[in-house]
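Undergrad: Sharing run04.cif here; it has mmCIF, C-alpha atoms and all ligand atoms.
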data_model
#
loop_
_atom_site.label_atom_id
_atom_site.label_comp_id
_atom_site.auth_asym_id
_atom_site.auth_seq_id
_atom_site.Cartn_x
_atom_site.Cartn_y
_atom_site.Cartn_z
CA MET Q 34 105.38 94.05 163.85
CA SER Q 35 103.84 97.50 163.62
CA ARG Q 36 100.50 95.85 162.76
CA GLU Q 37 100.56 93.80 165.98
CA GLU Q 38 101.59 96.88 167.93
CA ALA Q 39 98.61 98.72 166.45
CA ILE Q 40 96.15 95.90 167.20
CA ASN Q 41 97.25 95.79 170.84
CA ASN Q 42 96.36 99.43 171.19
CA PHE Q 43 92.74 99.28 170.05
CA ASP Q 44 89.78 98.85 172.36
CA PHE Q 45 87.96 96.00 170.58
CA CYS Q 46 86.27 92.94 172.12
CA GLY Q 47 87.67 89.41 172.20
CA THR Q 48 90.91 87.66 171.24
CA VAL Q 49 92.33 87.86 167.72
CA THR Q 50 92.22 84.47 165.96
CA ASP Q 51 92.96 85.54 162.38
CA ILE Q 52 94.01 88.54 160.34
CA LYS Q 53 94.28 88.78 156.57
CA PRO Q 54 94.48 91.36 153.76
CA TYR Q 55 91.01 92.29 152.59
CA GLY Q 56 89.14 94.07 149.79
CA SER Q 57 90.29 95.60 146.54
CA GLY Q 58 90.71 99.27 147.39
CA HIS Q 59 93.52 101.11 145.60
CA ILE Q 60 94.59 103.34 148.48
CA ASN Q 61 94.70 102.00 152.05
CA ASP Q 62 96.04 98.67 153.39
CA THR Q 63 92.92 96.92 154.63
CA PHE Q 64 92.76 93.82 156.87
CA LEU Q 65 89.92 91.67 158.10
CA MET Q 66 90.44 90.79 161.72
CA THR Q 67 88.59 87.86 163.26
CA CYS Q 68 88.18 87.69 167.03
CA GLU Q 69 86.56 85.29 169.43
CA GLU Q 70 84.61 86.36 172.46
CA LYS Q 71 82.75 83.87 174.69
CA GLY Q 72 82.71 81.29 171.91
CA LYS Q 73 81.33 83.80 169.36
CA GLN Q 74 83.17 85.17 166.31
CA LYS Q 75 83.42 88.92 165.73
CA HIS Q 76 85.04 90.78 162.86
CA TYR Q 77 86.74 94.13 162.54
CA ILE Q 78 88.29 96.08 159.70
CA LEU Q 79 91.81 97.27 160.45
CA GLN Q 80 93.31 99.80 158.07
CA LYS Q 81 96.73 101.31 157.68
CA MET Q 82 95.88 104.69 156.25
CA ASN Q 83 97.83 105.86 153.24
CA THR Q 84 99.54 108.90 154.75
CA ASP Q 85 101.44 109.68 151.55
CA ILE Q 86 98.04 110.52 150.12
CA PHE Q 87 96.20 111.61 153.27
CA GLN Q 88 98.89 113.74 154.78
CA ASN Q 89 96.93 114.95 157.78
CA PRO Q 90 95.45 111.91 159.56
CA ASP Q 91 94.18 114.05 162.47
CA GLU Q 92 92.02 116.09 160.12
CA LEU Q 93 91.00 113.02 158.13
CA MET Q 94 89.79 111.18 161.22
CA GLU Q 95 88.11 114.31 162.58
CA ASN Q 96 86.07 114.41 159.37
CA ILE Q 97 85.15 110.75 159.71
CA ILE Q 98 84.12 111.08 163.37
CA ASN Q 99 82.06 114.18 162.57
CA VAL Q 100 80.35 112.69 159.53
CA THR Q 101 79.61 109.30 161.12
CA SER Q 102 78.30 110.91 164.36
CA PHE Q 103 75.99 113.11 162.28
CA LEU Q 104 74.79 110.17 160.19
CA ARG Q 105 74.31 108.07 163.33
CA LYS Q 106 71.84 110.65 164.72
CA LYS Q 107 69.96 110.81 161.41
CA ILE Q 108 69.78 107.02 161.13
CA ILE Q 109 68.39 106.73 164.67
CA GLU Q 110 65.82 109.47 163.95
CA ASN Q 111 64.73 107.50 160.89
CA GLY Q 112 64.43 104.26 162.87
CA GLY Q 113 67.46 102.62 161.21
CA ASP Q 114 70.29 100.56 162.66
CA PRO Q 115 73.35 102.79 163.29
CA GLU Q 116 75.57 99.75 163.84
CA ARG Q 117 75.15 98.68 160.21
CA GLU Q 118 74.08 101.79 158.31
CA THR Q 119 77.18 103.88 158.92
CA LEU Q 120 80.82 103.20 159.72
CA ASN Q 121 81.57 102.80 163.43
CA VAL Q 122 85.06 103.80 164.49
CA ILE Q 123 86.67 101.67 167.22
CA LEU Q 124 88.75 103.99 169.40
CA THR Q 125 92.20 103.24 170.76
CA LYS Q 126 92.64 102.36 174.42
CA ASN Q 127 93.57 106.02 174.92
CA GLY Q 128 90.32 107.16 173.37
CA GLU Q 129 91.90 108.34 170.12
CA SER Q 130 90.37 107.84 166.67
CA TYR Q 131 93.56 106.29 165.26
CA TYR Q 132 96.88 104.85 166.46
CA ARG Q 133 100.30 106.01 165.35
CA ASP Q 134 102.78 103.12 165.60
CA SER Q 135 106.46 103.46 166.50
CA ASP Q 136 107.40 103.58 162.79
CA GLY Q 137 104.98 106.45 162.22
CA GLY Q 138 102.30 104.32 160.48
CA CYS Q 139 98.71 105.40 161.15
CA TRP Q 140 96.04 102.78 161.85
CA ARG Q 141 92.30 102.88 162.38
CA MET Q 142 89.67 100.27 163.14
CA TYR Q 143 86.01 99.92 162.17
CA LYS Q 144 83.28 97.52 163.17
CA PHE Q 145 82.86 95.05 160.34
CA ILE Q 146 79.48 95.31 158.62
CA GLU Q 147 78.26 91.73 158.79
CA ASP Q 148 76.00 89.99 156.31
CA ALA Q 149 76.67 92.51 153.55
CA THR Q 150 78.90 92.55 150.45
CA SER Q 151 80.84 95.14 148.49
CA TYR Q 152 80.97 94.21 144.79
CA ASP Q 153 83.69 94.87 142.22
CA GLN Q 154 81.27 94.46 139.34
CA VAL Q 155 77.50 94.73 138.98
CA GLU Q 156 76.09 91.21 139.25
CA LYS Q 157 72.40 92.11 139.34
CA PRO Q 158 71.03 95.35 137.83
CA ASP Q 159 68.87 95.88 140.92
CA ASP Q 160 72.02 96.01 143.07
CA PHE Q 161 73.23 98.95 141.01
CA TYR Q 162 69.87 100.69 141.39
CA GLN Q 163 70.02 100.13 145.16
CA THR Q 164 73.51 101.63 145.37
CA ALA Q 165 72.22 104.67 143.48
CA VAL Q 166 69.41 105.15 146.00
CA ALA Q 167 71.91 104.78 148.84
CA PHE Q 168 74.47 107.22 147.42
CA GLY Q 169 71.68 109.71 146.64
CA ASN Q 170 70.31 109.28 150.14
CA PHE Q 171 73.80 109.74 151.61
CA GLN Q 172 74.00 113.10 149.90
CA TYR Q 173 70.47 113.98 150.96
CA LEU Q 174 71.22 113.15 154.62
CA LEU Q 175 74.38 115.26 154.54
CA SER Q 176 72.59 118.29 153.10
CA GLU Q 177 72.11 119.56 156.68
CA PHE Q 178 75.70 118.84 157.67
CA SER Q 179 77.77 122.01 158.05
CA ALA Q 180 80.36 121.89 155.31
CA GLU Q 181 82.54 124.45 157.14
CA VAL Q 182 83.68 121.85 159.68
CA LEU Q 183 85.03 119.56 156.96
CA HIS Q 184 88.74 119.57 156.22
CA GLU Q 185 89.84 119.21 152.63
CA THR Q 186 91.61 115.84 152.95
CA ILE Q 187 93.03 115.97 149.41
CA PRO Q 188 93.15 119.50 148.03
CA ASP Q 189 91.74 119.91 144.52
CA PHE Q 190 90.57 116.29 144.50
CA HIS Q 191 88.02 116.72 141.72
CA ASN Q 192 89.39 119.96 140.36
CA THR Q 193 89.68 118.60 136.83
CA ILE Q 194 91.41 121.77 135.61
CA ASP Q 195 94.15 121.21 138.18
CA ARG Q 196 94.30 117.49 137.28
CA PHE Q 197 94.83 118.49 133.66
CA ALA Q 198 97.67 120.85 134.61
CA LYS Q 199 99.31 118.13 136.73
CA PHE Q 200 98.98 115.69 133.85
CA LYS Q 201 100.68 118.12 131.45
CA ARG Q 202 103.51 118.64 133.94
CA ALA Q 203 103.97 114.87 134.27
CA VAL Q 204 104.22 114.59 130.47
CA GLU Q 205 106.77 117.41 130.29
CA GLU Q 206 108.89 116.06 133.16
CA ASP Q 207 108.59 112.45 131.95
CA ILE Q 208 110.74 111.21 134.84
CA TYR Q 209 110.31 107.55 133.91
CA GLN Q 210 110.77 108.09 130.17
CA ARG Q 211 107.42 106.50 129.47
CA ALA Q 212 105.77 109.34 127.54
CA SER Q 213 107.05 108.29 124.12
CA SER Q 214 105.34 104.90 124.42
CA VAL Q 215 101.93 106.39 125.33
CA GLN Q 216 101.61 109.17 122.77
CA LYS Q 217 98.15 108.00 121.72
CA GLU Q 218 96.82 108.22 125.27
CA ILE Q 219 98.50 111.60 125.84
CA GLN Q 220 96.94 112.93 122.66
CA PHE Q 221 93.53 111.62 123.78
CA VAL Q 222 93.73 113.88 126.84
CA LEU Q 223 95.09 116.92 124.99
CA ASP Q 224 92.27 116.65 122.44
CA ARG Q 225 89.74 116.95 125.26
CA GLU Q 226 91.14 119.89 127.22
CA ASP Q 227 87.69 121.56 127.11
CA LEU Q 228 86.17 118.72 129.05
CA ALA Q 229 88.55 119.39 131.94
CA TYR Q 230 87.11 122.90 132.19
CA THR Q 231 83.37 122.50 131.64
CA MET Q 232 82.03 121.41 135.04
CA CYS Q 233 84.59 123.34 137.09
CA THR Q 234 83.67 126.50 135.19
CA MET Q 235 79.97 125.92 135.82
CA LEU Q 236 80.75 125.60 139.53
CA ARG Q 237 82.79 128.80 139.48
CA ASN Q 238 79.91 130.60 137.75
CA ASN Q 239 77.47 129.32 140.37
CA GLU Q 240 75.52 127.39 137.76
CA LEU Q 241 76.01 124.26 139.87
CA PRO Q 242 75.78 124.22 143.69
CA LEU Q 243 78.53 123.01 145.98
CA ARG Q 244 77.24 120.24 148.26
CA VAL Q 245 78.71 117.83 150.80
CA THR Q 246 79.55 114.84 148.63
CA HIS Q 247 81.32 111.50 148.93
CA ASN Q 248 83.67 111.96 145.97
CA ASP Q 249 84.63 108.27 145.62
CA THR Q 250 81.35 106.57 144.83
CA LYS Q 251 82.53 103.39 143.19
CA LEU Q 252 80.57 100.22 143.64
CA ASN Q 253 82.96 98.65 146.11
CA ASN Q 254 82.56 101.63 148.44
CA ILE Q 255 79.07 100.57 149.38
CA MET Q 256 77.85 97.54 151.32
CA ILE Q 257 74.82 95.71 149.94
CA ASP Q 258 72.76 93.81 152.50
CA ASN Q 259 72.88 90.08 151.71
CA GLN Q 260 69.27 89.57 152.86
CA THR Q 261 67.40 92.65 151.61
CA GLY Q 262 69.61 93.59 148.62
CA LYS Q 263 69.53 97.25 149.78
CA GLY Q 264 72.59 99.52 149.79
CA ILE Q 265 72.92 99.36 153.55
CA CYS Q 266 76.04 101.44 154.18
CA VAL Q 267 78.23 103.91 152.32
CA ILE Q 268 81.87 103.31 153.30
CA ASP Q 269 85.31 104.74 152.44
CA LEU Q 270 84.55 108.20 153.82
CA ASP Q 271 88.08 109.56 153.36
CA THR Q 272 87.10 112.04 150.68
CA VAL Q 273 83.78 113.35 152.02
CA MET Q 274 84.21 117.02 151.17
CA PRO Q 275 82.36 119.82 149.44
CA GLY Q 276 81.83 118.80 145.82
CA LEU Q 277 79.42 118.38 142.92
CA ALA Q 278 76.47 115.98 142.91
CA GLY Q 279 77.28 115.22 139.27
CA ASN Q 280 80.73 113.97 140.25
CA ASP Q 281 79.27 111.47 142.73
CA PHE Q 282 76.82 110.33 140.08
CA GLY Q 283 79.57 110.25 137.47
CA ASP Q 284 82.09 108.22 139.42
CA SER Q 285 79.47 105.52 140.05
CA ILE Q 286 78.68 105.35 136.33
CA ARG Q 287 82.37 105.27 135.43
CA PHE Q 288 82.85 102.13 137.48
CA GLY Q 289 79.48 100.41 137.68
CA ALA Q 290 77.94 101.03 134.24
CA ASN Q 291 81.13 99.93 132.49
CA THR Q 292 80.51 96.49 130.96
CA ALA Q 293 84.17 95.64 131.65
CA ALA Q 294 86.37 95.73 134.72
CA GLU Q 295 88.34 98.91 135.42
CA ASP Q 296 91.56 97.13 134.45
CA GLU Q 297 90.29 94.98 131.54
CA LYS Q 298 92.94 94.51 128.83
CA ASP Q 299 90.46 93.63 126.08
CA LEU Q 300 89.05 97.05 125.25
CA SER Q 301 86.33 95.60 123.01
CA LYS Q 302 84.59 94.60 126.25
CA VAL Q 303 84.37 98.22 127.45
CA SER Q 304 81.12 100.12 127.01
CA CYS Q 305 78.64 102.23 128.92
CA ASP Q 306 75.57 100.08 129.58
CA LEU Q 307 72.65 102.46 129.02
CA ASN Q 308 70.21 100.30 130.97
CA LEU Q 309 72.48 100.54 133.98
CA PHE Q 310 72.94 104.26 133.29
CA GLU Q 311 69.18 104.75 133.41
CA LEU Q 312 68.72 102.59 136.50
CA TYR Q 313 71.37 104.59 138.30
CA THR Q 314 69.82 107.90 137.20
CA LYS Q 315 66.46 106.76 138.53
CA GLY Q 316 67.91 105.54 141.85
CA PHE Q 317 70.17 108.53 142.41
CA THR Q 318 67.47 111.14 141.76
CA GLU Q 319 65.08 109.20 144.01
CA GLY Q 320 67.72 108.94 146.75
CA CYS Q 321 68.35 112.72 146.54
CA ARG Q 322 64.59 113.16 147.05
CA GLY Q 323 64.03 116.08 144.75
CA SER Q 324 66.98 118.06 146.07
CA LEU Q 325 68.86 118.23 142.75
CA THR Q 326 68.37 121.32 140.60
CA LYS Q 327 67.24 120.98 136.99
CA LYS Q 328 70.71 121.99 135.86
CA GLU Q 329 72.30 119.34 138.05
CA ILE Q 330 70.11 116.67 136.50
CA GLN Q 331 70.77 117.95 132.98
CA THR Q 332 74.51 117.76 133.60
CA LEU Q 333 74.57 114.21 135.02
CA PRO Q 334 75.88 112.77 131.71
CA LEU Q 335 78.59 115.43 131.81
CA GLY Q 336 79.47 114.27 135.34
CA ALA Q 337 79.83 110.72 134.06
CA LYS Q 338 82.05 111.73 131.16
CA THR Q 339 84.14 114.13 133.25
CA MET Q 340 84.77 111.64 136.06
CA THR Q 341 85.74 108.92 133.58
CA PHE Q 342 88.06 111.30 131.73
CA GLU Q 343 89.55 112.60 134.97
CA CYS Q 344 90.12 109.12 136.36
CA GLY Q 345 91.80 107.97 133.13
CA MET Q 346 93.99 111.06 133.24
CA ARG Q 347 94.91 110.30 136.88
CA PHE Q 348 95.85 106.70 136.01
CA LEU Q 349 97.97 107.95 133.10
CA THR Q 350 99.64 110.60 135.25
CA ASP Q 351 100.49 107.94 137.83
CA TYR Q 352 101.87 105.65 135.11
CA LEU Q 353 104.08 108.50 133.85
CA GLN Q 354 105.26 109.21 137.39
CA GLY Q 355 106.21 105.60 138.20
CA ASP Q 356 103.01 104.24 139.82
CA THR Q 357 103.28 105.84 143.22
CA TYR Q 358 99.64 106.73 143.90
CA PHE Q 359 97.32 103.82 142.98
CA LYS Q 360 98.30 100.34 144.13
CA ILE Q 361 99.30 98.21 141.16
CA HIS Q 362 99.34 94.42 140.93
CA ARG Q 363 101.10 94.01 137.58
CA GLU Q 364 103.38 95.82 135.16
CA GLY Q 365 101.46 98.46 133.21
CA HIS Q 366 98.41 98.16 135.49
CA ASN Q 367 97.75 101.90 135.59
CA LEU Q 368 98.12 102.11 131.83
CA ASP Q 369 95.55 99.33 131.38
CA ARG Q 370 93.22 101.19 133.75
CA CYS Q 371 93.77 104.43 131.83
CA ARG Q 372 92.92 102.73 128.55
CA THR Q 373 89.59 101.36 129.83
CA GLN Q 374 88.63 104.81 131.04
CA PHE Q 375 89.42 106.41 127.68
CA ALA Q 376 87.56 103.67 125.81
CA LEU Q 377 84.59 104.38 128.06
CA VAL Q 378 84.79 108.13 127.38
CA GLU Q 379 84.75 107.36 123.64
CA ASP Q 380 81.73 105.13 124.05
CA MET Q 381 79.94 107.85 126.04
CA GLU Q 382 80.73 110.33 123.27
CA LYS Q 383 78.97 107.99 120.82
CA LYS Q 384 76.00 107.53 123.15
CA TRP Q 385 75.81 111.16 124.21
CA ASP Q 386 72.39 112.00 122.77
CA GLN Q 387 70.86 108.90 124.32
CA MET Q 388 72.36 109.69 127.71
CA MET Q 389 70.94 113.22 127.52
CA GLU Q 390 67.51 111.83 126.57
CA ILE Q 391 67.55 109.45 129.54
CA VAL Q 392 68.26 112.09 132.18
CA LYS Q 393 65.54 114.35 130.73
CA LYS Q 394 62.97 111.86 132.05
CA TYR Q 395 64.14 112.53 135.60
CA GLU Q 396 64.27 116.36 135.53
P1 LIG M 1 90.34 102.01 150.06
O1 LIG M 1 90.38 103.47 150.38
O2 LIG M 1 91.67 101.41 149.92
O3 LIG M 1 89.44 101.75 148.90
P2 LIG M 1 88.13 101.08 151.75
O4 LIG M 1 87.86 101.87 153.00
O5 LIG M 1 87.22 101.27 150.62
O6 LIG M 1 89.68 101.32 151.35
O7 LIG M 1 88.16 99.53 152.18
C1 LIG M 1 88.53 98.52 151.26
C2 LIG M 1 87.47 97.44 151.25
O8 LIG M 1 87.33 96.88 152.58
C3 LIG M 1 86.07 97.89 150.87
O9 LIG M 1 85.88 97.92 149.48
C4 LIG M 1 85.20 96.83 151.55
O10 LIG M 1 85.15 95.65 150.79
C5 LIG M 1 85.97 96.53 152.83
N1 LIG M 1 85.49 97.30 154.01
C6 LIG M 1 85.91 98.51 154.42
N2 LIG M 1 85.26 98.88 155.55
C7 LIG M 1 84.41 97.89 155.86
C8 LIG M 1 83.47 97.65 156.94
N3 LIG M 1 83.31 98.53 157.95
N4 LIG M 1 82.78 96.49 156.95
C9 LIG M 1 82.94 95.58 155.95
N5 LIG M 1 83.81 95.73 154.94
C10 LIG M 1 84.54 96.86 154.87
C1 LIG M 2 90.61 105.15 144.48
O1 LIG M 2 90.13 104.19 147.47
P1 LIG M 2 89.42 103.58 146.30
O2 LIG M 2 90.07 102.38 145.75
O3 LIG M 2 87.97 103.37 146.69
C2 LIG M 2 90.65 106.66 144.43
C3 LIG M 2 89.46 107.18 143.61
C4 LIG M 2 89.51 106.59 142.20
C5 LIG M 2 89.52 105.07 142.32
C6 LIG M 2 89.68 104.43 140.96
C7 LIG M 2 91.40 108.62 147.55
O4 LIG M 2 89.44 104.72 145.15
O5 LIG M 2 89.53 108.60 143.52
O6 LIG M 2 88.40 107.01 141.46
O7 LIG M 2 90.61 104.63 143.16
N1 LIG M 2 90.62 107.20 145.78
C8 LIG M 2 91.46 108.17 146.14
O8 LIG M 2 89.32 103.10 141.07
O9 LIG M 2 92.26 108.69 145.36
MG MG M 3 87.46 102.02 148.65
#
As structure tokens - that is how I would like this structure written.
Ligand code: ADP
Ligand code: GN1
Ligand code: MG

TA:
Amino acid sequence: MSREEAINNFDFCGTVTDIKPYGSGHINDTFLMTCEEKGKQKHYILQKMNTDIFQNPDELMENIINVTSFLRKKIIENGGDPERETLNVILTKNGESYYRDSDGGCWRMYKFIEDATSYDQVEKPDDFYQTAVAFGNFQYLLSEFSAEVLHETIPDFHNTIDRFAKFKRAVEEDIYQRASSVQKEIQFVLDREDLAYTMCTMLRNNELPLRVTHNDTKLNNIMIDNQTGKGICVIDLDTVMPGLAGNDFGDSIRFGANTAAEDEKDLSKVSCDLNLFELYTKGFTEGCRGSLTKKEIQTLPLGAKTMTFECGMRFLTDYLQGDTYFKIHREGHNLDRCRTQFALVEDMEKKWDQMMEIVKKYE
């Protein structure tokens, strides 16, 4: 019922003819809403925000309104189409950016980006290149956005040192008594404690600059235009916050350059595709239009390894804590996801020299 209550309170056009769960995000509950207006179909995205994770929806939506308004201006200046190239928030009938239902659930609505697709796996290498250009360009466009106005929607989101500490606590507390069955995975993390520190320490020492970044740059957080094949719109703006360019690069590699799905059970299928790695490096540096420092480019492989390690550690932490953060669709889902990430880290370790050689070409 709360969903219907929410729908009735948004200021969209037409009459609702269909609503169904949509997409494969791990965090929010997303629905595709179909409406009819004067014989024409229109679509909207309706989302119930995950307020266990995003505990301050006012601040979250303020970020999204600020970022999308800024991008809208930039897109218009550059002669683009602001209706398709950034998210467009549909306000409530009271002019608010989200609706709180009578059970306390928080809902928001976006215009649906028509004639574009978000992919769960790379189908054509050029698509991956185009997403790299688009994510790089996203960061470039936001370089003039004042970071001070952004709220930290999830504190310490990519603070890998803090993620490591939380992981260790989860192992010690072991509230679901699962630790004994995943000793190998736990040991994998403990053996790589250094990796949790490397990039964060470089940031602390001002060797890497803090930028406004997306922080969740996986392939299905970008819409690819069905006609032109270009990365038309960066979506899922919940974690736009100050961060490292290398983390945005790295999270895309973690997901998109993996030859297997994030939750593949057959680990022999997991590897880092170096052709895709290079294509993404080329696209991302082009999209950033020369704004990355030499050090940032040199540490792109480190970003890829760190993000993959961190994500695996987060999946494992969630498994140990009873699967309360990431949505799961089967028993042991987070453990399967953790294992693919660690297999990918191992593969990157083997391919390290080649990855370093590749990024050198783009310095
Ligand atoms: P989550 O945080 O759960 O990942 P997302 O905001 O990424 O949620 O939305 C989930 C999926 O819904 C996306 O991967 C994409 O397929 C689809 N989606 C989200 N917003 C739009 C939009 N404005 N237009 C078209 N599809 C969208
Ligand atoms: C989540 O929201 P979604 O599904 O795009 C998560 C990312 C992880 C990713 C792993 C807010 O992304 O940090 O890297 O799952 N988002 C949040 O697939 O935690
Ligand atoms: Mg998403």

Undergrad: Kindly compile the residues surrounding ligand LIG 1 (chain M) within 10 Å, counting all atoms listed in the file, and format them as a VMD selection string.

TA: chain Q and resid 54 to 65 76 to 83 116 to 122 142 to 153 249 to 256 266 to 272 359 to 360

Undergrad: Scan for residues within 10 Å of the point (84.1, 105.9, 129.3) in the coordinates of the file, using all atoms listed in the file, and reply as a short mmCIF file (atom, residue, chain, number, x, y, z; two decimals) with C-alpha atoms, keeping the file's coordinate frame.

TA:
data_model
loop_
_atom_site.label_atom_id
_atom_site.label_comp_id
_atom_site.auth_asym_id
_atom_site.auth_seq_id
_atom_site.Cartn_x
_atom_site.Cartn_y
_atom_site.Cartn_z
CA ILE Q 286 78.68 105.35 136.33
CA ARG Q 287 82.37 105.27 135.43
CA PHE Q 288 82.85 102.13 137.48
CA ALA Q 290 77.94 101.03 134.24
CA ASN Q 291 81.13 99.93 132.49
CA VAL Q 303 84.37 98.22 127.45
CA SER Q 304 81.12 100.12 127.01
CA CYS Q 305 78.64 102.23 128.92
CA ALA Q 337 79.83 110.72 134.06
CA LYS Q 338 82.05 111.73 131.16
CA THR Q 339 84.14 114.13 133.25
CA MET Q 340 84.77 111.64 136.06
CA THR Q 341 85.74 108.92 133.58
CA PHE Q 342 88.06 111.30 131.73
CA CYS Q 344 90.12 109.12 136.36
CA GLY Q 345 91.80 107.97 133.13
CA ARG Q 372 92.92 102.73 128.55
CA THR Q 373 89.59 101.36 129.83
CA GLN Q 374 88.63 104.81 131.04
CA PHE Q 375 89.42 106.41 127.68
CA ALA Q 376 87.56 103.67 125.81
CA LEU Q 377 84.59 104.38 128.06
CA VAL Q 378 84.79 108.13 127.38
CA GLU Q 379 84.75 107.36 123.64
CA ASP Q 380 81.73 105.13 124.05
CA MET Q 381 79.94 107.85 126.04
CA GLU Q 382 80.73 110.33 123.27
#

Undergrad: Would you pick out the contacts of stretch 196-202 of chain Q at 8 Å or less, using all atoms listed in the file, so that residues sharing its chain but fewer than 5 positions from it are not included, and give the list as a ChimeraX atom specification?

TA: /Q:191,226,229,343,346-347,349-350

Undergrad: When you look at stretch 235-240 of chain Q with a cut-off of 12 Å (counting only C-alpha atoms), what residues show up, excluding the ones that are within fewer than 6 positions of it in the same chain? I need them as a PyMOL selection string.

TA: chain Q and resi 191-194+228-229+275-280+326-329+331-332+335-336

Undergrad: So how many Å separate atom CA of Q:Asn170 and atom CA of Q:Trp140, to one decimal?

TA: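 We find that atom CA of Q:Asn170 and atom CA of Q:Trp140 lie 29.0 Å from each other.
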
Undergrad: In file coordinates, which residues lie within 12 Å of (70.4, 119.1, 158.0) using all atoms listed in the file, given as a VMD selection string?

TA: chain Q and resid 100 103 to 104 106 to 107 171 to 180 244 to 245

Undergrad: Here is a test: counting all atoms listed in the file, which residue of Q:Leu223, Q:Cys68, Q:Ala165, Q:Ile86 is nearest to ligand LIG 2 (chain M)?

TA: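 Between Q:Leu223, Q:Cys68, Q:Ala165, Q:Ile86, the residue approaching ligand LIG 2 (chain M) most closely is Q:Ile86.
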
Undergrad: Could you tell me how far atom CA of Q:Cys139 sits from atom CA of Q:Leu124, in Å to one decimal place?

TA: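 Pair atom CA of Q:Leu124 / atom CA of Q:Cys139 returns 13.0 Å.
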
Undergrad: Nearest to Q:Glu295: which of Q:Gln154, Q:Thr231, Q:Asn96, Q:Thr314 is it, counting all atoms listed in the file?

TA: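 For Q:Glu295, the nearest of the candidates is Q:Gln154.
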
Undergrad: Choose the residue, out of Q:Tyr395, Q:Phe317, Q:Phe221, Q:Tyr358, that has the smallest atom-to-atom separation from ligand LIG 2 (chain M); count only C-alpha atoms and all ligand atoms.

TA: Q:Tyr358

Undergrad: Of the candidates Q:Asp207, Q:Glu92, Q:Asp296, Q:Asp136, which one gets nearest to Q:Asp351 if we count all atoms listed in the file?

TA: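 Of Q:Asp207, Q:Glu92, Q:Asp296, Q:Asp136, the one nearest Q:Asp351, counting all atoms listed in the file, is Q:Asp207.
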
Undergrad: Let me make sure I understand: among Q:Trp385, Q:Asn367, Q:Asn248, Q:Gln354, which one has the smallest atom-to-atom distance to ligand MG 3 (chain M) if we use only C-alpha atoms and all ligand atoms?

TA: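 Closest to ligand MG 3 (chain M) of all the choices is Q:Asn248.
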
Undergrad: Using only C-alpha atoms and all ligand atoms for the distances, tell me which of Q:Pro242, Q:Gly138, Q:Gly113, Q:Gly283 is nearest to ligand LIG 2 (chain M).

TA: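 Answer, going by the shortest atom-to-atom distance: Q:Gly283.
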
Undergrad: For Q:Asp159, work out the shell of residues within 10 Å, counting all atoms listed in the file and skipping chain neighbours fewer than 3 positions away, then give it as a PyMOL selection string.

TA: chain Q and resi 155-156+162-165+262-263+309+312-313+316

Undergrad: Give me a file of those residues, with C-alpha atoms, as a CSV table (one decimal), keeping the file's coordinate frame.

TA:
chain,number,residue,atom,x,y,z
Q,155,VAL,CA,77.5,94.7,139.0
Q,156,GLU,CA,76.1,91.2,139.2
Q,162,TYR,CA,69.9,100.7,141.4
Q,163,GLN,CA,70.0,100.1,145.2
Q,164,THR,CA,73.5,101.6,145.4
Q,165,ALA,CA,72.2,104.7,143.5
Q,262,GLY,CA,69.6,93.6,148.6
Q,263,LYS,CA,69.5,97.2,149.8
Q,309,LEU,CA,72.5,100.5,134.0
Q,312,LEU,CA,68.7,102.6,136.5
Q,313,TYR,CA,71.4,104.6,138.3
Q,316,GLY,CA,67.9,105.5,141.8

Undergrad: Provide the atom C5 of ligand LIG 2 (chain M) to atom CA of Q:His366 distance in Å, to one decimal place.

TA: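 That distance, rounded to one decimal, is 13.2 Å.
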
Undergrad: Where's the centre, and what are the edge lengths in Å to one decimal, of a box along x, y and z enclosing all listed atoms of stretch 100-104 of chain Q padded 3 Å per side, as JSON?

TA:
{"center_x": 77.6, "center_y": 111.2, "center_z": 161.9, "size_x": 11.6, "size_y": 9.8, "size_z": 10.8}

Undergrad: Find the residues around Q:Thr318 up to 10 Å (only C-alpha atoms counted), leave out those fewer than 3 positions away in its own chain, and share them as a PyMOL selection string.

TA: chain Q and resi 165-166+168-170+282+313-315+321-325+330+392+395-396
